[in-house]
Each structure stands twice: as C-alpha cells, then as structure tokens.
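**Q** What follows is data_28.tsv, TSV, C-alpha atoms.
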```tsv
chain	number	residue	atom	x	y	z
A	1	MET	CA	115.81	100.29	80.42
A	2	ASN	CA	113.27	102.90	81.38
A	3	LEU	CA	113.84	105.03	78.30
A	4	TRP	CA	110.72	104.06	76.40
A	5	GLY	CA	108.47	104.25	79.41
A	6	ALA	CA	109.86	107.64	80.32
A	7	ALA	CA	109.43	108.98	76.78
A	8	ILE	CA	105.80	107.87	76.45
A	9	TYR	CA	105.07	109.05	79.91
A	10	GLY	CA	106.68	112.41	79.35
A	11	VAL	CA	104.43	113.00	76.35
A	12	ILE	CA	101.30	112.05	78.33
A	13	VAL	CA	102.28	114.36	81.16
A	14	ILE	CA	103.04	117.27	78.84
A	15	LEU	CA	99.71	116.84	77.03
A	16	SER	CA	97.74	116.65	80.26
A	17	TYR	CA	99.37	119.80	81.56
A	18	VAL	CA	98.82	121.67	78.30
A	19	TYR	CA	95.16	120.76	78.70
A	20	ALA	CA	95.20	121.72	82.39
A	21	PHE	CA	96.67	125.17	81.84
A	22	LYS	CA	94.39	125.88	78.91
A	23	LYS	CA	91.29	124.89	80.80
A	24	ASN	CA	92.05	126.24	84.23
A	25	LYS	CA	95.26	128.09	84.91
A	26	LYS	CA	94.81	128.10	88.65
A	27	GLY	CA	94.12	124.39	88.74
A	28	GLY	CA	97.21	123.72	86.65
A	29	LYS	CA	99.40	125.69	89.00
A	30	GLN	CA	97.84	123.89	91.92
A	31	ALA	CA	98.65	120.54	90.32
A	32	VAL	CA	102.29	121.55	89.82
A	33	ARG	CA	102.55	122.69	93.41
A	34	LYS	CA	100.93	119.50	94.65
A	35	SER	CA	103.40	117.47	92.59
A	36	GLY	CA	106.33	119.28	94.19
A	37	VAL	CA	105.01	118.59	97.67
A	38	GLN	CA	104.33	114.93	96.85
A	39	PHE	CA	107.78	114.51	95.34
A	40	PHE	CA	109.67	115.74	98.37
A	41	LYS	CA	107.36	113.95	100.75
A	42	GLN	CA	108.06	110.61	99.10
A	43	LEU	CA	111.73	111.13	98.34
A	44	PRO	CA	113.21	110.05	101.73
A	45	MET	CA	111.22	106.82	101.64
A	46	LEU	CA	112.23	106.20	98.05
A	47	ILE	CA	115.92	106.71	98.73
A	48	SER	CA	115.77	104.35	101.70
A	49	ILE	CA	113.92	101.69	99.75
A	50	PHE	CA	116.48	101.70	96.97
A	51	LEU	CA	119.33	101.63	99.44
A	52	LEU	CA	117.67	98.67	101.14
A	53	ILE	CA	117.33	96.93	97.79
A	54	GLY	CA	121.05	97.50	97.25
A	55	LEU	CA	121.76	95.82	100.59
A	56	PHE	CA	119.37	92.98	99.87
A	57	ASP	CA	121.06	92.35	96.54
A	58	ARG	CA	124.57	92.27	98.02
A	59	PHE	CA	123.91	90.46	101.27
A	60	VAL	CA	121.06	87.99	100.75
A	61	PRO	CA	122.33	84.92	98.92
A	62	LYS	CA	120.39	83.56	96.02
A	63	SER	CA	119.93	80.23	97.75
A	64	VAL	CA	117.83	81.81	100.50
A	65	VAL	CA	115.45	83.38	97.99
A	66	MET	CA	115.31	80.12	96.05
A	67	THR	CA	114.29	78.18	99.14
A	68	PHE	CA	111.24	80.31	99.84
A	69	VAL	CA	110.06	81.46	96.45
A	70	GLY	CA	112.06	79.35	94.00
A	71	LYS	CA	111.17	76.48	91.73
A	72	GLY	CA	111.90	73.73	94.23
A	73	ASN	CA	108.73	73.84	96.25
A	74	GLU	CA	105.78	75.21	94.35
A	75	PHE	CA	103.29	75.15	97.20
A	76	LEU	CA	105.64	76.79	99.68
A	77	SER	CA	106.60	79.47	97.16
A	78	ILE	CA	102.94	80.36	96.55
A	79	LEU	CA	102.13	80.49	100.23
A	80	SER	CA	105.20	82.40	101.37
A	81	SER	CA	104.97	84.99	98.60
A	82	ALA	CA	101.27	85.60	99.33
A	83	ILE	CA	101.85	85.99	103.06
A	84	PHE	CA	104.97	88.10	102.58
A	85	GLY	CA	103.15	90.38	100.12
A	86	THR	CA	100.18	90.74	102.46
A	87	ILE	CA	102.27	91.78	105.44
A	88	VAL	CA	104.59	94.28	103.79
A	89	MET	CA	103.17	97.69	103.32
A	90	GLY	CA	104.70	100.44	101.33
A	91	PRO	CA	104.46	102.47	98.18
A	92	VAL	CA	104.24	100.57	94.90
A	93	SER	CA	107.30	102.46	93.76
A	94	SER	CA	109.25	100.06	95.95
A	95	ALA	CA	107.19	96.97	95.14
A	96	TYR	CA	108.23	96.74	91.48
A	97	PRO	CA	112.01	96.99	91.91
A	98	MET	CA	111.67	94.50	94.75
A	99	GLY	CA	109.81	92.13	92.43
A	100	ALA	CA	112.48	92.51	89.76
A	101	LEU	CA	115.14	91.71	92.31
A	102	LEU	CA	113.29	88.58	93.45
A	103	LEU	CA	113.10	87.39	89.84
A	104	ARG	CA	116.81	87.98	89.35
A	105	LYS	CA	117.57	86.09	92.53
A	106	GLY	CA	115.74	83.03	91.29
A	107	ALA	CA	112.13	83.46	92.38
A	108	THR	CA	109.54	82.00	90.02
A	109	ILE	CA	107.32	84.27	87.92
A	110	THR	CA	104.28	82.92	89.75
A	111	ALA	CA	105.72	83.71	93.18
A	112	THR	CA	106.82	87.19	92.09
A	113	ALA	CA	103.39	87.96	90.64
A	114	ILE	CA	101.62	86.70	93.76
A	115	PHE	CA	103.95	88.76	95.94
A	116	LEU	CA	103.23	91.94	93.96
A	117	ASN	CA	99.49	91.30	93.70
A	118	SER	CA	99.00	90.71	97.39
A	119	TRP	CA	101.18	93.73	98.13
A	120	VAL	CA	98.78	96.03	96.27
A	121	MET	CA	95.49	94.19	96.80
A	122	VAL	CA	95.41	93.11	100.41
A	123	GLY	CA	95.83	95.58	103.26
A	124	PHE	CA	96.60	93.59	106.37
A	125	VAL	CA	97.78	96.47	108.52
A	126	THR	CA	94.92	98.73	107.52
A	127	ILE	CA	92.15	96.19	108.17
A	128	PRO	CA	90.99	97.88	111.40
A	129	TYR	CA	90.72	101.19	109.59
A	130	GLU	CA	88.90	99.62	106.69
A	131	ILE	CA	86.40	98.04	109.11
A	132	SER	CA	85.76	101.43	110.70
A	133	ILE	CA	84.75	102.77	107.30
A	134	PHE	CA	82.98	99.91	105.53
A	135	GLY	CA	82.06	97.61	108.39
A	136	ARG	CA	83.35	94.17	109.27
A	137	HIS	CA	81.36	92.27	106.70
A	138	PHE	CA	82.46	94.23	103.64
A	139	THR	CA	86.08	94.41	104.79
A	140	LEU	CA	86.54	90.72	105.51
A	141	ILE	CA	84.89	89.68	102.27
A	142	ARG	CA	86.91	92.16	100.27
A	143	ASN	CA	90.24	91.16	101.76
A	144	ALA	CA	89.50	87.45	101.49
A	145	LEU	CA	88.55	87.89	97.84
A	146	ALA	CA	91.63	90.04	97.22
A	147	PHE	CA	93.91	87.46	98.84
A	148	MET	CA	92.47	84.66	96.72
A	149	GLY	CA	92.58	86.88	93.65
A	150	ALA	CA	96.25	87.68	94.20
A	151	ILE	CA	97.05	83.97	94.18
A	152	ILE	CA	94.81	83.11	91.22
A	153	ILE	CA	96.10	85.99	89.09
A	154	GLY	CA	99.68	85.14	90.02
A	155	ILE	CA	99.28	81.50	89.05
A	156	LEU	CA	97.66	82.47	85.75
A	157	THR	CA	100.40	85.03	85.04
A	158	GLY	CA	103.09	82.46	85.66
A	159	TRP	CA	101.22	79.95	83.56
A	160	ILE	CA	100.72	82.32	80.60
A	161	LEU	CA	104.26	83.70	80.66
A	162	GLY	CA	105.68	80.22	81.12
A	163	GLY	CA	103.67	79.15	78.08
A	164	ILE	CA	105.09	81.99	76.03
A	165	ALA	CA	108.63	81.17	77.11
A	166	LEU	CA	108.16	77.53	76.14
B	167	MET	CA	112.67	113.80	118.30
B	168	LYS	CA	110.25	111.01	119.08
B	169	ASN	CA	107.93	112.37	116.45
B	170	ILE	CA	110.63	112.32	113.79
B	171	LEU	CA	111.57	108.78	114.73
B	172	GLY	CA	107.96	107.70	114.46
B	173	LYS	CA	107.48	109.28	111.10
B	174	TYR	CA	110.79	108.26	109.61
B	175	TRP	CA	111.38	104.99	111.44
B	176	PHE	CA	111.99	103.21	108.16
B	177	GLU	CA	114.48	105.73	106.81
B	178	VAL	CA	116.28	105.86	110.15
B	179	SER	CA	116.48	102.04	110.34
B	180	VAL	CA	117.98	101.79	106.87
B	181	GLY	CA	120.48	104.51	107.76
B	182	LEU	CA	121.52	102.73	110.96
B	183	LEU	CA	121.77	99.43	109.12
B	184	TYR	CA	124.16	101.04	106.67
B	185	VAL	CA	126.32	102.55	109.41
B	186	VAL	CA	126.64	99.21	111.17
B	187	LEU	CA	127.30	97.24	107.98
B	188	LEU	CA	129.81	99.81	106.79
B	189	PHE	CA	131.99	98.97	109.77
B	190	VAL	CA	131.66	95.22	109.41
B	191	PHE	CA	131.73	94.85	105.60
B	192	PRO	CA	133.00	98.16	104.18
B	193	ASP	CA	133.44	96.99	100.55
B	194	LYS	CA	130.19	95.09	100.20
B	195	THR	CA	128.19	97.87	101.83
B	196	PHE	CA	129.73	100.49	99.60
B	197	PHE	CA	128.75	98.49	96.51
B	198	ALA	CA	125.24	98.07	97.88
B	199	PHE	CA	125.03	101.83	98.33
B	200	LYS	CA	126.26	102.49	94.81
B	201	GLU	CA	123.79	100.02	93.36
B	202	GLY	CA	120.88	101.50	95.30
B	203	ILE	CA	121.67	105.05	94.22
B	204	TRP	CA	122.15	104.00	90.60
B	205	LEU	CA	118.74	102.29	90.55
B	206	LEU	CA	117.19	105.38	92.08
B	207	VAL	CA	118.72	107.71	89.49
B	208	LYS	CA	117.51	105.47	86.69
B	209	MET	CA	113.90	105.57	87.83
B	210	LEU	CA	113.72	109.22	88.83
B	211	PRO	CA	112.45	110.59	85.48
B	212	ILE	CA	109.48	108.22	85.57
B	213	PHE	CA	108.87	108.96	89.21
B	214	VAL	CA	108.61	112.66	88.40
B	215	CYS	CA	106.10	111.87	85.65
B	216	VAL	CA	104.04	109.71	88.01
B	217	VAL	CA	103.82	112.46	90.57
B	218	LEU	CA	102.86	115.07	87.99
B	219	PHE	CA	100.21	112.86	86.43
B	220	SER	CA	98.64	111.83	89.73
B	221	SER	CA	98.35	115.43	90.84
B	222	PHE	CA	96.79	116.33	87.52
B	223	LEU	CA	94.16	113.59	87.94
B	224	SER	CA	93.44	114.44	91.54
B	225	ILE	CA	92.61	118.03	90.63
B	226	PHE	CA	90.99	117.71	87.22
B	227	LEU	CA	88.96	114.53	87.67
B	228	SER	CA	86.03	115.60	89.77
B	229	PRO	CA	84.34	113.06	92.05
B	230	LYS	CA	81.00	114.47	90.91
B	231	THR	CA	81.56	113.18	87.41
B	232	VAL	CA	82.49	109.85	88.85
B	233	GLN	CA	79.41	109.69	91.04
B	234	ARG	CA	77.20	110.45	88.09
B	235	VAL	CA	78.41	107.47	86.08
B	236	MET	CA	78.31	104.83	88.77
B	237	GLY	CA	74.93	105.04	90.40
B	238	LYS	CA	72.46	102.21	90.88
B	239	GLU	CA	71.07	102.41	87.35
B	240	SER	CA	74.50	102.22	85.76
B	241	GLY	CA	74.32	98.42	85.48
B	242	PHE	CA	77.22	96.46	84.04
B	243	LYS	CA	78.52	99.56	82.33
B	244	GLY	CA	78.83	101.27	85.70
B	245	VAL	CA	80.84	98.39	87.09
B	246	VAL	CA	83.19	98.50	84.11
B	247	LEU	CA	83.54	102.26	84.39
B	248	GLY	CA	84.18	101.92	88.12
B	249	THR	CA	86.92	99.45	87.31
B	250	LEU	CA	88.49	101.83	84.81
B	251	PHE	CA	88.28	104.70	87.25
B	252	GLY	CA	89.89	102.54	89.93
B	253	THR	CA	92.91	101.99	87.71
B	254	LEU	CA	93.47	105.74	87.42
B	255	ILE	CA	93.85	106.40	91.11
B	256	VAL	CA	97.20	106.23	92.78
B	257	GLY	CA	98.25	106.56	96.38
B	258	PRO	CA	97.76	104.32	99.36
B	259	LEU	CA	94.42	102.52	99.27
B	260	TRP	CA	93.41	103.44	102.80
B	261	ILE	CA	93.57	107.17	102.06
B	262	LEU	CA	90.75	106.62	99.58
B	263	PHE	CA	88.44	104.62	101.85
B	264	PRO	CA	86.55	107.75	102.92
B	265	LEU	CA	86.10	108.73	99.28
B	266	TYR	CA	84.65	105.31	98.51
B	267	ARG	CA	82.33	105.58	101.49
B	268	THR	CA	81.10	108.90	100.10
B	269	PHE	CA	80.36	107.16	96.82
B	270	LEU	CA	78.36	104.47	98.63
B	271	ARG	CA	76.39	106.99	100.66
B	272	LYS	CA	75.59	109.01	97.57
B	273	GLY	CA	74.00	105.95	96.05
B	274	ALA	CA	76.75	104.16	94.18
B	275	ARG	CA	76.32	100.43	93.80
B	276	VAL	CA	78.31	98.16	96.08
B	277	ALA	CA	79.45	96.25	93.00
B	278	VAL	CA	80.83	99.44	91.46
B	279	VAL	CA	82.77	100.43	94.55
B	280	GLY	CA	83.97	96.86	95.10
B	281	ALA	CA	85.25	96.69	91.53
B	282	MET	CA	86.89	100.06	91.95
B	283	ILE	CA	88.78	98.94	95.02
B	284	GLY	CA	89.78	95.75	93.24
B	285	ALA	CA	90.99	97.67	90.21
B	286	PHE	CA	92.94	99.98	92.44
B	287	ALA	CA	95.64	97.30	92.36
B	288	ILE	CA	96.35	98.55	88.85
B	289	LYS	CA	97.95	101.91	88.97
B	290	THR	CA	97.91	103.22	85.44
B	291	PRO	CA	100.42	106.00	86.05
B	292	TRP	CA	102.84	103.39	87.39
B	293	ILE	CA	102.60	100.92	84.52
B	294	PRO	CA	105.58	102.19	82.48
B	295	TYR	CA	107.61	102.29	85.66
B	296	ALA	CA	106.68	98.72	86.56
B	297	ALA	CA	107.40	97.56	83.01
B	298	GLY	CA	110.88	99.04	83.30
B	299	PHE	CA	111.56	96.59	86.09
B	300	LEU	CA	109.51	93.55	85.17
B	301	GLY	CA	108.99	93.77	81.43
B	302	TRP	CA	105.86	94.58	79.43
B	303	PRO	CA	104.49	91.01	79.06
B	304	PHE	CA	104.46	90.53	82.82
B	305	ILE	CA	102.71	93.84	83.47
B	306	LEU	CA	100.17	93.59	80.67
B	307	ILE	CA	99.06	90.12	81.69
B	308	THR	CA	98.76	91.20	85.30
B	309	VAL	CA	96.74	94.28	84.32
B	310	VAL	CA	94.27	92.36	82.16
B	311	LEU	CA	93.77	89.61	84.74
B	312	THR	CA	93.40	92.06	87.60
B	313	MET	CA	90.75	94.04	85.75
B	314	LEU	CA	88.72	90.93	84.99
B	315	TYR	CA	89.02	89.86	88.59
B	316	ALA	CA	88.03	93.31	89.84
B	317	VAL	CA	84.70	93.15	87.99
B	318	LEU	CA	84.06	89.69	89.41
B	319	GLU	CA	85.12	90.84	92.87
B	320	GLY	CA	82.67	93.74	92.75
B	321	TYR	CA	79.74	91.46	91.99
B	322	LEU	CA	80.81	88.88	94.58
B	323	ILE	CA	81.06	91.49	97.32
B	324	GLU	CA	77.66	92.90	96.42
B	325	LYS	CA	76.13	89.44	96.43
B	326	ALA	CA	77.70	88.50	99.76
B	327	ILE	CA	76.50	91.70	101.36
B	328	SER	CA	72.96	91.57	100.08
B	329	THR	CA	72.43	87.97	101.18
B	330	LYS	CA	73.68	88.73	104.67
```
Take the structure from the file and write it as structure tokens.
**A**
Amino acid sequence: MNLWGAAIYGVIVILSYVYAFKKNKKGGKQAVRKSGVQFFKQLPMLISIFLLIGLFDRFVPKSVVMTFVGKGNEFLSILSSAIFGTIVMGPVSSAYPMGALLLRKGATITATAIFLNSWVMVGFVTIPYEISIFGRHFTLIRNALAFMGAIIIGILTGWILGGIAL
Amino acid sequence: MKNILGKYWFEVSVGLLYVVLLFVFPDKTFFAFKEGIWLLVKMLPIFVCVVLFSSFLSIFLSPKTVQRVMGKESGFKGVVLGTLFGTLIVGPLWILFPLYRTFLRKGARVAVVGAMIGAFAIKTPWIPYAAGFLGWPFILITVVLTMLYAVLEGYLIEKAISTK
C-alpha cells in the first residue's frame, strides 16, 4: 500500500542528496550521519507504537471505538476525538497508523480528522514551555485557535469526503 | 536505571504489557505482535526516506534565508511563504519554539510566525507516509484546509496581540 509513496519519496530523496553532495560534500555527509542518528533514536519508540497498535487492534472491540468516535453520537465523537488528540503526545509517525486503525474500527472520518489535527496542532503538555518562550498571551491565543481549527478542519474534511463518497 | 526508565517509560510499558498479556492470552497477544511488526516493516522504507529528507532540509535550508523572506515588509507574500516554510519542517513543535522566537526577535512579523506554527501541522515529508495509511483524498483535503487556516491563524494571532 505504501509502494507509490515510497517510490516517489525515494526519487525526491535521491535528487536532494545528489544536490547536497554536489553543492557541499561535507554538508551532505553531515546530513547522512544525522539521519542515522535520528533513525536509531526514533526506532525504539516506533517499534513500541506499532506493537501497541497491534494490541489495540486485537483487544479493543469495535463497539468501544464506535461509542466514542462512531456515527451514533456526532457531538460526543467530535468532542472526544478533539480532547483525545489534544492530550496524546507523540511523533506523527504513530498518529497516522493510529488514525487508520480508528477508521477501520468504525470511527467517522470527521472524528478521525479531528483527532489527527488536534494531535499535531495543539500541544497541551508543552503549554508551560510555550509560555516561557512566547508569553502567556501568544500561547493561549495560538492554542485556542489551533483547537478550534482542528475541529473546523475535521468537520470540513468529513463533509467534503462524505460528499465525494455520496 | 531510573534514567533509562524515565527516558524509555513508554517502550518499557509496552514491553511489560506484552509480557503480562502473553501469559493471559497467549494466542491473541502473539497475533497482535505479528500484526504490529508487519505494519512496522511495511512503513520502514518511507520512514527511512522521511529521516533522510528532514536531515537534508535541516542542514541545507538556512534560517538566514528564511529570515530574509519573512520580515515586516514581506506583507501577504511573507505570510504565505511562512506557511510554506512551516510545512517543510518536521520534528516535535516544541523543539522549534526557540527558532521561532529568534525569528520574532530578528524582526519577523507575528503573522508570519503564527502562520508558520499553524502550518507546522502539515509535515510535507510525512505526506506520502500518511497517505499510505489514510488515502490521498483524506490527506490532500486536510493539507489544503490546514494551510488556509494557518494563514488565517497567523493574522488572527497578530491582531489579538496588537490590540492587547
């Protein structure tokens, strides 16, 4: 399923590195080294996330997912996916497979989109740190706007995709 | 030991969860393990690409260039460019807060930085990966909407701050 993405991506990566090594050999080498470090730094987390997804898939019944983020209760599904997405923190690499799993388990498109959007847009745990850098005013406004945006974009996504499906 | 636990609390918890479940539901847990590993193997090629591309950007895209194109005089164009730049960055958002503060101190517009943070929700290097899981229509719609919202968000933040 990832074949096309991987192929396109591979070409982009090869081109960018051809450019890098032509322009600045040292910089190119540095980028490769940095990639290696990043890869092994993220690998343990990645393995655990996928193993957790495996567990989630086998042990959490579809009905539970449906209750919170399914079609039955639109308002509850919007609220719970936004809050859930705000609280969880983690690399996006784990957000997307998680979203796919939610869809497969019966979550609505809207709820899945809201969950993913708030995951990447709102940083609940890092709010104190953000305040220390930008100040209270900026931080609160930004997070409030991001939270609302996550919901609005999610609803629109569900609406557009639903329209296409119909 | 405590240090390792603190740093890898998530990995350790998942490991423990597996050990416990393996005793209670051996078959189900084994299937869960197999499924998890299979998913991981399937996404590894893209993951490698993501890492390579992010490192490339982080070294070859100089902040100086960025600062030049998003100063106070940059106008609407600057906000749009800030949005585009925001989509190129990957990594946890909070790591970049200091970078954004540098931009602000060097005279970047609040609207530009606000839009950039908003657009950070789009991670260009991750798009093919995300599409593999959720499908291209889902991702493309999300990307377009998020970009539009990021521009709006930038202006709203700037407005809210200046009328303080």
**Q** Restrict the distance test to only C-alpha atoms, flag each residue of chain A within 6 Å of chain B, and return the flagged residues as a list in words.
**A**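 Within 6 Å of chain B on chain A, we get Met1, Asn2, Gly5, Ala6, Val13, Ala31, Ser35, Ser48, Phe50, Leu51, Gly54, Leu55, Arg58, Tyr96, Pro97, Ala100, Val120 and Met121 of chain A.
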**Q** How would the residues just chosen look if you wrote them out with C-alpha atoms as a PDB file, keeping the file's coordinate frame?
**A**
```
ATOM      1  CA  MET A   1     115.810 100.290  80.420  1.00  0.00           C
ATOM      2  CA  ASN A   2     113.270 102.900  81.380  1.00  0.00           C
ATOM      3  CA  GLY A   5     108.470 104.250  79.410  1.00  0.00           C
ATOM      4  CA  ALA A   6     109.860 107.640  80.320  1.00  0.00           C
ATOM      5  CA  VAL A  13     102.280 114.360  81.160  1.00  0.00           C
ATOM      6  CA  ALA A  31      98.650 120.540  90.320  1.00  0.00           C
ATOM      7  CA  SER A  35     103.400 117.470  92.590  1.00  0.00           C
ATOM      8  CA  SER A  48     115.770 104.350 101.700  1.00  0.00           C
ATOM      9  CA  PHE A  50     116.480 101.700  96.970  1.00  0.00           C
ATOM     10  CA  LEU A  51     119.330 101.630  99.440  1.00  0.00           C
ATOM     11  CA  GLY A  54     121.050  97.500  97.250  1.00  0.00           C
ATOM     12  CA  LEU A  55     121.760  95.820 100.590  1.00  0.00           C
ATOM     13  CA  ARG A  58     124.570  92.270  98.020  1.00  0.00           C
ATOM     14  CA  TYR A  96     108.230  96.740  91.480  1.00  0.00           C
ATOM     15  CA  PRO A  97     112.010  96.990  91.910  1.00  0.00           C
ATOM     16  CA  ALA A 100     112.480  92.510  89.760  1.00  0.00           C
ATOM     17  CA  VAL A 120      98.780  96.030  96.270  1.00  0.00           C
ATOM     18  CA  MET A 121      95.490  94.190  96.800  1.00  0.00           C
TER      19      MET A 121
END
```
**Q** For a quick check of your reading of the model, name the residues lying within 12 Å of the coordinate (86.6, 86.1, 103.6), counting all atoms listed in the file, and write them as number ranges by chain.
**A** A: 122, 136-149; B: 319, 322-323, 326-327
**Q** Please compute the atom CA of Phe75 of chain A-atom CA of Phe56 of chain A distance, one decimal, in Å.
**A**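 Interatomic distance here is 24.2 Å.
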**Q** In Å, rounded to a single decimal, give me how far atom CA of Ile153 of chain A is from atom CA of Glu74 of chain A.
**A**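 Interatomic distance, atom CA of Glu74 of chain A to atom CA of Ile153 of chain A: 15.4 Å.
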**Q** Got a sec: who's within 9 Å of Val246 of chain B, counting only C-alpha atoms, leaving out chain neighbours fewer than 5 positions off, as a PyMOL selection string?
**A** chain B and resi 241+251+278+281-282+313+317
**Q** Go ahead and save the picked residues with C-alpha atoms, as a PDB file, in the frame of the given file.
**A**
```pdb
ATOM      1  CA  GLY B 241      74.320  98.420  85.480  1.00  0.00           C
ATOM      2  CA  PHE B 251      88.280 104.700  87.250  1.00  0.00           C
ATOM      3  CA  VAL B 278      80.830  99.440  91.460  1.00  0.00           C
ATOM      4  CA  ALA B 281      85.250  96.690  91.530  1.00  0.00           C
ATOM      5  CA  MET B 282      86.890 100.060  91.950  1.00  0.00           C
ATOM      6  CA  MET B 313      90.750  94.040  85.750  1.00  0.00           C
ATOM      7  CA  VAL B 317      84.700  93.150  87.990  1.00  0.00           C
TER       8      VAL B 317
END
```
**Q** Report as a ChimeraX atom specification all protein, DNA and RNA residues lying within 8 Å of segment 155-159 of chain A, evaluated on all atoms listed in the file, omitting residues in the same chain fewer than 2 positions from it.
**A** /A:108-111,113-114,151-153,161-163 /B:304,307-308
**Q** Separation of atom CA of Phe68 of chain A and atom CA of Ser118 of chain A, in Å?
**A**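 These two atoms are separated by 16.2 Å.
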**Q** Pick from A:Leu52, A:Tyr9, A:Pro128, A:Phe39: nearest to Leu182 of chain B, with all atoms listed in the file counted?
**A**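 When distances to Leu182 of chain B are compared using all atoms listed in the file, the smallest one comes from A:Leu52.
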**Q** For each of A:Glu130, A:Ala150, A:Ser63, A:Phe124, take the minimum atom-to-atom distance to Gly106 of chain A, counting all atoms listed in the file, then give the residue where this is smallest.
**A** A:Ser63
